[in-house]
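Asks: First the structure, then my questions, so here it is.
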Amino acid sequence: MRARHLPLLLSGLLLASGAAAQPGPPAAVAAPATTRLEIPVTRERLENGLRVVLSPDHSVPTVAVAVYYDVGARVEEQGRSGFAHLFEHLMFEGTEGLPKGEFDRLLALRGADANATTSEDRTNYFETLPASSIELGIFLEADRMRALAITAEAFENQRLTVMEERRQSYENRPYMLSVLERDRLFYAGYFPYEHSTIGDMADLGRATLAEVRSFHARYYAPDNAVIAITGDFEPAAAMELVQRHFGPITARRGAAWTDPGYTPPGQERASAIIDPLADASAFHMVWHIPPRRTEDHYALELLGSILGGGESSRLHQRLVRTREMLAEVEVGAEGRRGADMFALWAICAGENRPVDVRREVDAVVAEVISGGVTARELQKAKNARRAGFVFELESPLGRAEYLGMTELYDGDAALVNTELARYEAVTVDDVRRVAGRYLTAQNRLVLDVLPRGEGETAAQEILRRYGW
């Protein structure tokens, strides 16, 4: 009901580092005059550890309030998956002072709305309100941080809701289960990313109320959260409201999560999955790359745009438009906080087989490795990145989400003003270098998604060929 956490490659969106990538303009490729933004950012911290980010913008009479908790699927323990996503639902089930339904009713009376999302790396909750109702948004978020009612009834209801969501979002939709299988194989042995954000149904089925309450006590605390407020408000007044409502909440975060560490296997892996709902064959090709905001990641993001970021990209032009081997193709870095992936998703056209199409994909990648990309291609990718980045920041909600995420992940929301310069610094030599370093057969996983019938034989051939 609330979730917006479907895998990016299959949702029609391709995000990198939190901002939406847009197709590049067909003609204008001149470099922008400046790469530094001037987004006002004020950062504070309450005594209880809550980090506060304020960014006023009086051009629209609305405000956005976004709370980011440093809790996602990556912090979950084996046998207890899906807890972060479960709380995405439980946080709307009422508090000790506000019964179920009152949260939504109060927002509706003010013409406001709210939602939440869960990912591997965080959970966020947010409201968009009229500027005059800023205190309502702050109060509601503080109320459920302080006094969430985790009752047996709410737990059972939302456990069933999550199970139904998995059926609707994954099991009853073509290709979606392949995304879970892709992650399971790609990150095999590294539980933080190999298991799904939505959770394993067996884990949720045997979860106890005591375990869920313990998870909440450890992670849903002011010293494990960031609140970002953007839009039409005065910073001093907003800060006073944050102090009034969040200040009395006791710091209570448990032991910090420790990353167990991940090392790529160093050899090509391949597998296949049969999808009875699929009308056409498809495939994933995913390569191991460094985390978001590392130097090579910026060049890889731009490479993703050049290879498969819209109709003017190399793969679309050759394999969709000219050769008609693919019905669609999307490429991009996922932007994870930890070990990341450079992901290609493609659906075959007609009777084309994944094994044949991949040879053509490999040829396109080989051309980039041997001959690089053109200055025009790179500038178009930069322009698209800039357009998507600025577009996201134009709305109070988009800005609140970006600032909250950046403060949580990187410790400084003000990085928003220098982020574009990191992309502008990328050269054609950088793009060629990262393609050669990361887009190798030894660094990737290939996963075919095959329709029932013809899929059985093809899957057996793939497994036999790679010794699985």
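In the structure tokens, the first chain shown is A, the next is B, and so on; residue numbers restart at 1 for each chain, and ligands run from 1 in the order shown.
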Kindly assemble as a tab-separated table a list of the region 249-268 of chain A residues that lie within 12 Å of region 161-185 of chain A, each paired with its nearest atom pair and their distance in Å to one decimal, using only C-alpha atoms, sorted first by chain and then by ascending residue number.

Replies:
residue	atom	partner	partner_atom	distance
A:Pro264	CA	A:Leu185	CA	11.3
A:Pro265	CA	A:Leu185	CA	11.0
A:Glu268	CA	A:Leu185	CA	11.5

Asks: If you run DSSP on the backbone, which residues of region 325-468 of chain A are helix (DSSP H, G or I), as a ChimeraX atom specification?

Replies: /A:354-371,375-394,396-410,413-417,419-424,428-438,441-443,454-465

Asks: For CA of Asp279 (chain A) and CA of Ser313 (chain A), quote the distance in Å rounded to one decimal.

Replies: 25.1 Å

Asks: When you count only C-alpha atoms, which of these residues is closest to Val63 (chain A): A:Ile229, A:Leu439, A:Val361, A:Asn224?

Replies: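 Residue with the minimum atom-to-atom distance to Val63 (chain A): A:Ile229.
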
Asks: Show which residues sit within 10 Å of Ala366 (chain A), as a PyMOL selection string. Count only C-alpha atoms, and ignore same-chain residues fewer than 5 positions away.

Replies: chain A and resi 360-361+371-372+435-436+439-440

Asks: With only C-alpha atoms as the atoms that count, which of A:Leu326, A:Leu148, A:Ile198, A:Ala238 lies nearest to Ser132 (chain A)?

Replies: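 Checking each candidate against Ser132 (chain A), we get A:Ala238 as the closest.
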
Asks: Got a sec: who's within 9 Å of Gly350 (chain A), counting only C-alpha atoms, leaving out chain neighbours fewer than 5 positions off, as a list in words?

Replies: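 Near Gly350 (chain A), the qualifying residues are Ala280, Ser281, Glu324, Met325, Leu326 and Ala327 of chain A.
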